[in-house]
Structures are given as C-alpha cells and as structure tokens.
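Novice: Structure supplied as structure_34.txt; contents: compact mmCIF, C-alpha atoms.
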# COMPACT_ATOMS: atom_id res chain seq x y z
CA VAL A 23 125.25 56.96 -94.95
CA MET A 24 125.60 53.98 -97.23
CA THR A 25 127.71 53.66 -100.34
CA GLU A 26 127.33 51.45 -103.39
CA GLY A 27 129.91 49.06 -102.02
CA ASP A 28 128.17 48.41 -98.71
CA THR A 29 127.10 44.85 -98.06
CA LEU A 30 124.23 45.65 -95.73
CA GLY A 31 121.53 43.04 -95.79
CA ARG A 32 118.02 43.55 -97.10
CA ASP A 33 116.52 44.20 -93.66
CA ALA A 34 119.05 46.91 -92.81
CA ILE A 35 118.57 48.66 -96.16
CA LEU A 36 114.79 48.53 -95.81
CA ALA A 37 114.99 49.95 -92.30
CA ARG A 38 117.07 52.86 -93.55
CA TYR A 39 114.72 53.34 -96.50
CA ARG A 40 111.63 53.41 -94.28
CA HIS A 41 113.26 55.98 -92.03
CA LEU A 42 114.13 58.25 -94.96
CA ARG A 43 110.71 57.69 -96.58
CA ALA A 44 109.00 58.85 -93.39
CA ILE A 45 111.13 62.00 -93.41
CA SER A 46 110.28 62.71 -97.05
CA THR A 47 106.57 62.30 -96.28
CA ARG A 48 106.86 64.92 -93.52
CA HIS A 49 108.74 67.26 -95.87
CA HIS A 50 106.07 66.92 -98.55
CA SER A 51 103.34 67.75 -96.04
CA ALA A 52 105.28 70.79 -94.84
CA ALA A 53 106.00 71.98 -98.40
CA LEU A 54 102.26 72.08 -99.11
CA GLU A 55 102.05 74.94 -96.60
CA PHE A 56 104.09 77.01 -99.06
CA LEU A 57 101.46 76.65 -101.78
CA SER A 58 98.44 78.82 -102.38
CA ARG A 59 95.11 77.27 -103.29
CA GLN A 60 95.44 79.11 -106.60
CA ALA A 61 98.76 77.37 -107.34
CA ILE A 62 97.21 73.96 -106.70
CA LEU A 63 94.17 74.80 -108.83
CA GLU A 64 96.45 75.96 -111.64
CA GLN A 65 98.26 72.63 -111.75
CA ALA A 66 95.02 70.67 -111.37
CA ARG A 67 93.58 72.62 -114.30
CA ARG A 68 96.56 71.59 -116.45
CA LEU A 69 95.65 67.98 -115.72
CA GLY A 70 91.94 68.39 -116.43
CA LEU A 71 91.03 67.97 -112.75
CA THR A 72 88.97 71.14 -112.35
CA VAL A 73 85.59 72.46 -113.34
CA GLY A 74 85.72 76.22 -113.03
CA LYS A 75 87.45 76.84 -109.71
CA THR A 76 86.49 73.48 -108.24
CA LEU A 77 88.72 70.42 -107.95
CA VAL A 78 87.07 67.34 -109.41
CA ALA A 79 89.72 64.68 -108.85
CA GLU A 80 88.14 61.23 -108.49
CA SER A 81 90.77 59.90 -106.11
CA GLU A 82 93.56 60.94 -103.81
CA GLU A 83 96.01 59.50 -106.33
CA GLU A 84 94.79 61.91 -109.00
CA LEU A 85 95.06 64.86 -106.63
CA THR A 86 98.60 63.82 -105.72
CA LEU A 87 99.64 64.44 -109.35
CA ALA A 88 98.59 68.09 -109.02
CA PHE A 89 100.38 68.39 -105.67
CA ASP A 90 103.55 66.94 -107.18
CA LEU A 91 103.58 69.53 -109.97
CA ALA A 92 102.72 72.34 -107.58
CA ILE A 93 105.56 71.44 -105.20
CA TYR A 94 108.30 70.63 -107.72
CA ALA A 95 107.51 72.82 -110.73
CA ALA A 96 107.27 76.55 -111.34
CA PRO A 97 107.10 78.84 -114.37
CA ALA A 98 110.33 80.53 -115.45
CA GLY A 99 111.27 83.30 -113.07
CA ARG A 100 109.24 81.94 -110.16
CA SER A 101 110.48 79.89 -107.23
CA ARG A 102 109.33 76.35 -106.53
CA ALA A 103 107.44 75.53 -103.34
CA ILE A 104 110.06 72.93 -102.40
CA ASP A 105 112.79 75.60 -102.60
CA ARG A 106 110.75 78.11 -100.57
CA TYR A 107 110.25 75.45 -97.93
CA ARG A 108 113.97 74.62 -97.87
CA ALA A 109 114.81 78.31 -97.39
CA ALA A 110 112.42 78.54 -94.43
CA ALA A 111 113.20 75.19 -92.79
CA ARG A 112 115.77 75.30 -90.03
CA LEU A 113 117.32 71.88 -90.18
CA ASP A 114 120.50 70.74 -88.50
CA GLU A 115 123.28 70.52 -91.06
CA GLY A 116 124.22 66.92 -91.67
CA SER A 117 120.97 65.55 -90.23
CA ASP A 118 118.90 62.98 -92.09
CA GLU A 119 116.16 65.62 -92.37
CA ALA A 120 118.54 67.98 -94.18
CA LEU A 121 119.94 65.13 -96.29
CA VAL A 122 116.50 64.12 -97.54
CA LEU A 123 115.33 67.68 -98.21
CA GLU A 124 118.45 68.46 -100.26
CA ALA A 125 117.87 65.28 -102.27
CA MET A 126 114.22 66.22 -102.82
CA CYS A 127 115.25 69.63 -104.16
CA ARG A 128 117.51 67.86 -106.68
CA ALA A 129 114.89 65.24 -107.66
CA ARG A 130 114.73 64.42 -111.37
CA PHE A 131 111.58 63.52 -113.27
CA SER A 132 111.81 60.99 -116.07
CA VAL A 133 110.52 57.76 -117.54
CA TRP A 134 112.35 54.83 -115.98
CA ARG A 135 112.52 51.27 -117.28
CA ILE A 136 112.89 48.48 -114.75
CA GLU A 137 115.93 46.55 -115.94
CA ARG A 138 116.37 43.92 -113.23
CA ARG A 139 116.10 43.20 -109.54
CA HIS A 140 118.85 44.73 -107.44
CA GLU A 141 120.94 42.11 -105.65
CA ALA A 142 119.98 43.52 -102.24
CA VAL A 143 116.55 45.13 -102.53
CA GLY A 144 114.54 47.05 -105.10
CA PHE A 145 115.39 47.46 -108.76
CA VAL A 146 118.03 48.73 -111.11
CA VAL A 147 116.20 51.20 -113.36
CA SER A 148 117.34 53.07 -116.44
CA ASP A 149 116.42 56.64 -117.34
CA VAL A 150 115.16 56.22 -120.89
CA ILE A 151 115.68 59.92 -121.66
CA ARG A 152 119.02 60.66 -119.97
CA GLN A 153 120.47 57.17 -120.59
CA ALA A 154 121.58 56.64 -116.98
CA GLU A 155 120.93 53.95 -114.35
CA ALA A 156 119.81 54.21 -110.74
CA TRP A 157 119.17 51.86 -107.81
CA LEU A 158 115.53 52.38 -106.83
CA VAL A 159 114.09 51.16 -103.53
CA ASP A 160 110.28 51.21 -103.30
CA GLU A 161 108.49 48.50 -101.35
CA SER A 162 105.16 48.87 -103.14
CA LEU A 163 106.74 48.70 -106.59
CA GLU A 164 108.82 45.70 -105.59
CA ARG A 165 105.60 43.85 -104.73
CA THR A 166 103.63 44.83 -107.83
CA ALA A 167 105.77 45.95 -110.78
CA PRO A 168 106.62 43.43 -113.49
CA GLU A 169 110.20 43.39 -114.72
CA GLU A 170 110.84 45.46 -117.84
CA ALA A 171 107.87 47.69 -116.99
CA ALA A 172 108.26 51.43 -117.51
CA ILE A 173 107.19 54.07 -115.02
CA ALA A 174 107.19 57.85 -114.85
CA ALA A 175 108.44 59.12 -111.50
CA ARG A 176 110.42 61.84 -109.81
CA LEU A 177 113.44 60.24 -108.12
CA CYS A 178 115.55 61.71 -105.36
CA ARG A 179 118.73 60.11 -104.06
CA PRO A 180 119.38 60.67 -100.35
CA GLU A 181 121.52 57.51 -100.19
CA ALA A 182 123.22 55.13 -102.57
CA PHE A 183 119.64 54.21 -103.47
CA ALA A 184 116.97 56.47 -104.93
CA MET A 185 113.36 56.90 -103.79
CA THR A 186 110.29 58.18 -105.63
CA SER A 187 108.47 61.34 -104.61
CA GLY A 188 105.45 59.12 -103.97
CA VAL A 189 103.98 59.55 -107.45
CA VAL A 190 104.46 56.56 -109.78
CA VAL A 191 102.69 56.34 -113.14
CA PRO A 192 102.91 53.29 -115.43
CA VAL A 193 103.95 54.23 -118.96
CA ASP A 194 103.60 52.39 -122.25
CA ARG A 195 104.99 53.37 -125.65
CA GLU A 196 101.73 54.91 -126.87
CA MET A 197 101.39 57.06 -123.77
CA LEU A 198 105.00 58.23 -123.95
CA GLU A 199 104.61 59.16 -127.61
CA GLU A 200 101.45 61.14 -126.80
CA ALA A 201 103.25 63.06 -124.05
CA LEU A 202 106.26 63.79 -126.25
CA ASP A 203 104.01 64.91 -129.13
CA GLU A 204 102.37 67.36 -126.75
CA ALA A 205 105.51 68.61 -125.01
CA LEU A 206 108.14 68.74 -127.78
CA PRO A 207 106.59 71.58 -129.82
CA ARG A 208 106.81 73.78 -126.73
CA VAL A 209 110.03 72.47 -125.16
CA HIS A 210 113.24 72.86 -127.11
CA GLY A 211 116.70 71.60 -126.28
CA THR A 212 118.47 68.39 -125.36
CA PRO A 213 116.61 65.29 -124.15
CA GLU A 214 117.70 66.18 -120.60
CA GLN A 215 116.21 69.66 -120.94
CA VAL A 216 112.96 68.11 -122.14
CA ALA A 217 112.85 65.76 -119.13
CA ASP A 218 113.59 68.64 -116.77
CA ASP A 219 110.82 70.83 -118.19
CA ARG A 220 107.68 70.94 -116.04
CA ARG A 221 105.52 70.65 -119.16
CA PHE A 222 106.85 67.17 -119.88
CA ALA A 223 105.81 65.88 -116.45
CA ALA A 224 102.42 67.54 -116.87
CA ALA A 225 101.97 65.89 -120.28
CA ILE A 226 102.84 62.46 -118.85
CA TYR A 227 100.43 62.90 -115.93
CA ARG A 228 97.65 64.10 -118.22
CA ALA A 229 98.13 61.10 -120.52
CA ALA A 230 98.04 58.76 -117.51
CA LEU A 231 94.74 60.27 -116.38
CA GLU A 232 93.25 60.01 -119.87
CA HIS A 233 94.29 56.35 -120.09
CA GLY A 234 93.07 55.62 -116.55
CA LEU A 235 96.51 54.42 -115.47
CA LEU A 236 97.76 55.19 -112.00
CA ALA A 237 100.18 52.89 -110.17
CA GLY A 238 100.95 52.89 -106.49
CA GLY A 239 104.46 53.78 -105.50
CA ASP A 240 104.99 53.98 -101.74
CA ASP A 241 102.46 56.49 -100.52
CA GLU A 242 103.45 59.90 -99.28
Could I get this file's structure written as structure tokens?
Specialist:
Amino acid sequence: VMTEGDTLGRDAILARYRHLRAISTRHHSAALEFLSRQAILEQARRLGLTVGKTLVAESEEELTLAFDLAIYAAPAGRSRAIDRYRAAARLDEGSDEALVLEAMCRARFSVWRIERRHEAVGFVVSDVIRQAEAWLVDESLERTAPEEAAIAARLCRPEAFAMTSGVVVPVDREMLEEALDEALPRVHGTPEQVADDRRFAAAIYRAALEHGLLAGGDDE
C-alpha cells in the first residue's frame, strides 16, 4: 500500500492503479447482481431514460449513469446495493479485493475541479463543495481533460490516490447552477450533506444528459 510520501515512479503507480481498477470493475459487475430490474428502471426514470417500463438510453454511457445511482444510492431507510454486496462477499481481510470494496463503499460524489497535474501521474483535484483536495489517477482523463476543467464524479480512495467509479461527467457553471437549483429546495443542510444526497448526483446526471455532455473516465 502506498503513502503520499512514496517516490514510486509513474510506471509503478500506473501498474498499481490498473490492478485496482480491474478489481473495482469486477466489484461493480458483481454489485449489479444485487439490483432488481425495477431498481434500475427507477433510477433510469429519474434521468429521463425510460418510456413507460422500457429503457431508452441512447448509449452505454447513458445507461451507466443509471447503474451508478442504482448501486451507490438508496432512499432513506433502504440499503444500497453496494452495501448488500459487501455484506454477501466473502473477501480475505487485508486483500486488495477487500481494500477496494471498502473504498467503494465510502466513495464520495462531488464536483471536482482539476487544479494541476500531479508530479507523478494524474491530477490534483479540488472538491468544489467540500473544499478539499485529492490526488486522482485516471488514464483516460489524463489524456483528454484540459486543466482547470470541472467534472462530476464519485471518487473512492483505495490508495494514496483516488479513482473514479467509472462515471465522469464534464460540468460547467450553468449546468452546476441548474443542478443546484433543482436539488437545493429538496435537500437541506450543509454543503457536504447536499453533495452526499443522492438527489444531487441525479440532478447533475440529468443536466448532463439534457446538455448532451458525457465524458469518458476509465471505463468500468
């Protein structure tokens, strides 16, 4: 396990990242088994991706937004699919599989601004809602994202670096204001409580779909 002070080179960090990314992809696939079709339809409906009881997503990227909400969000009083999967999974304590799954269960959704390139690999990003920084490693973003861009993503931190859940949505000021205008009347509390509320993520995703903006983080 790496720490912030490690001086591992870019290749070593990327190798570790790819290993952990592959594990997270397997966990996401397994967590989908803990979802009913109705739960997926419910989230897709929130995003305007259904007609009646039929999914009408135009791309896999659009459908992934519904899967993300279905796995990581749940109404008050109901368990999340990711937590049900964790309870059922029999992983060796201390294994990388357990490490990644625990990090996924603690993943935080927010809008992140790319501040600068990290000295080793990836970016230093700032959480514009919680006012905190993170080291984000994502090979696709590193190839395509301009500096000072803003993205909405759910980050987990299995190492000194963070990874996305696989869903990355570009955000501009207008889109963020639209999402906040939609979410704030229904979500009360501190900025952190707003960011943690499933309705904020849903509002961001819906705005991204309406604006036709979907970016590619590393695929799950």
Novice: At a cut-off of 12 Å, using only C-alpha atoms, what residues contact Leu206 (chain A)? Leave out same-chain residues fewer than 3 positions from it and give the result as a list in words.
Specialist: Leu198, Glu199, Glu200, Ala201, Leu202, Asp203, Val209, His210, Gly211, Thr212, Pro213, Gln215, Val216, Ala217, Asp219, Arg220, Arg221, Phe222, Ala223 and Ala225 of chain A
Novice: Could you name the residues that touch region 44-56 of chain A at 8 Å or less, counting all atoms listed in the file, but leaving out those on the same chain fewer than 4 positions away, as a VMD selection string?
Specialist: chain A and resid 40 89 93 103 to 104 106 to 107 118 to 119 122 to 123 126 187 242
Novice: Would you mind telling me which residue in A:Leu87, A:Ile62, A:Ala142, A:Leu113 lies nearest to Leu236 (chain A) when using all atoms listed in the file?
Specialist: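 The answer is A:Leu87, which sits nearest to Leu236 (chain A).
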Novice: I need the residue nearest Asp240 (chain A) from this list: A:Met197, A:Arg59, A:Ser162, A:Ile226. Use all atoms listed in the file for the distance.
Specialist: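 Of all the options, A:Ser162 lies closest to Asp240 (chain A).
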Novice: So for region 49-67 of chain A, what box centre and size do we get, axis-aligned, 4 Å extra on each of the six sides, every listed atom, Å to one decimal, as lines of an AutoDock Vina configuration file?
Specialist:
center_x = 101.2
center_y = 73.0
center_z = -104.6
size_x = 23.2
size_y = 20.2
size_z = 27.5
Novice: Excluding Pro180 (chain A) and any residue of its chain fewer than 5 positions from it, enumerate the residues within 8 Å of it, using all atoms listed in the file, and give them as a list of chain:residue names.
Specialist: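 Neighbouring residues, sequence-local ones excluded: A:Leu42, A:Leu121, A:Val122, A:Glu124, A:Ala125, A:Met126, A:Met185.
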Novice: Please determine, counting all atoms listed in the file, which residue among A:Ala184, A:Ala230, A:Ala37, A:Ala79 has the shortest atom-to-atom distance to Trp157 (chain A).
Specialist: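 Of the candidates, the smallest distance to Trp157 (chain A) is held by A:Ala184.
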Novice: Which residues are close to Lys75 (chain A), i.e. within 9 Å by all atoms listed in the file, leaving aside same-chain residues fewer than 6 positions away? Reply as a PyMOL selection string.
Specialist: chain A and resi 60+63+67
Novice: How many Å lie between CA of Glu164 (chain A) and CA of Val133 (chain A), rounded to one decimal?
Specialist: 17.1 Å
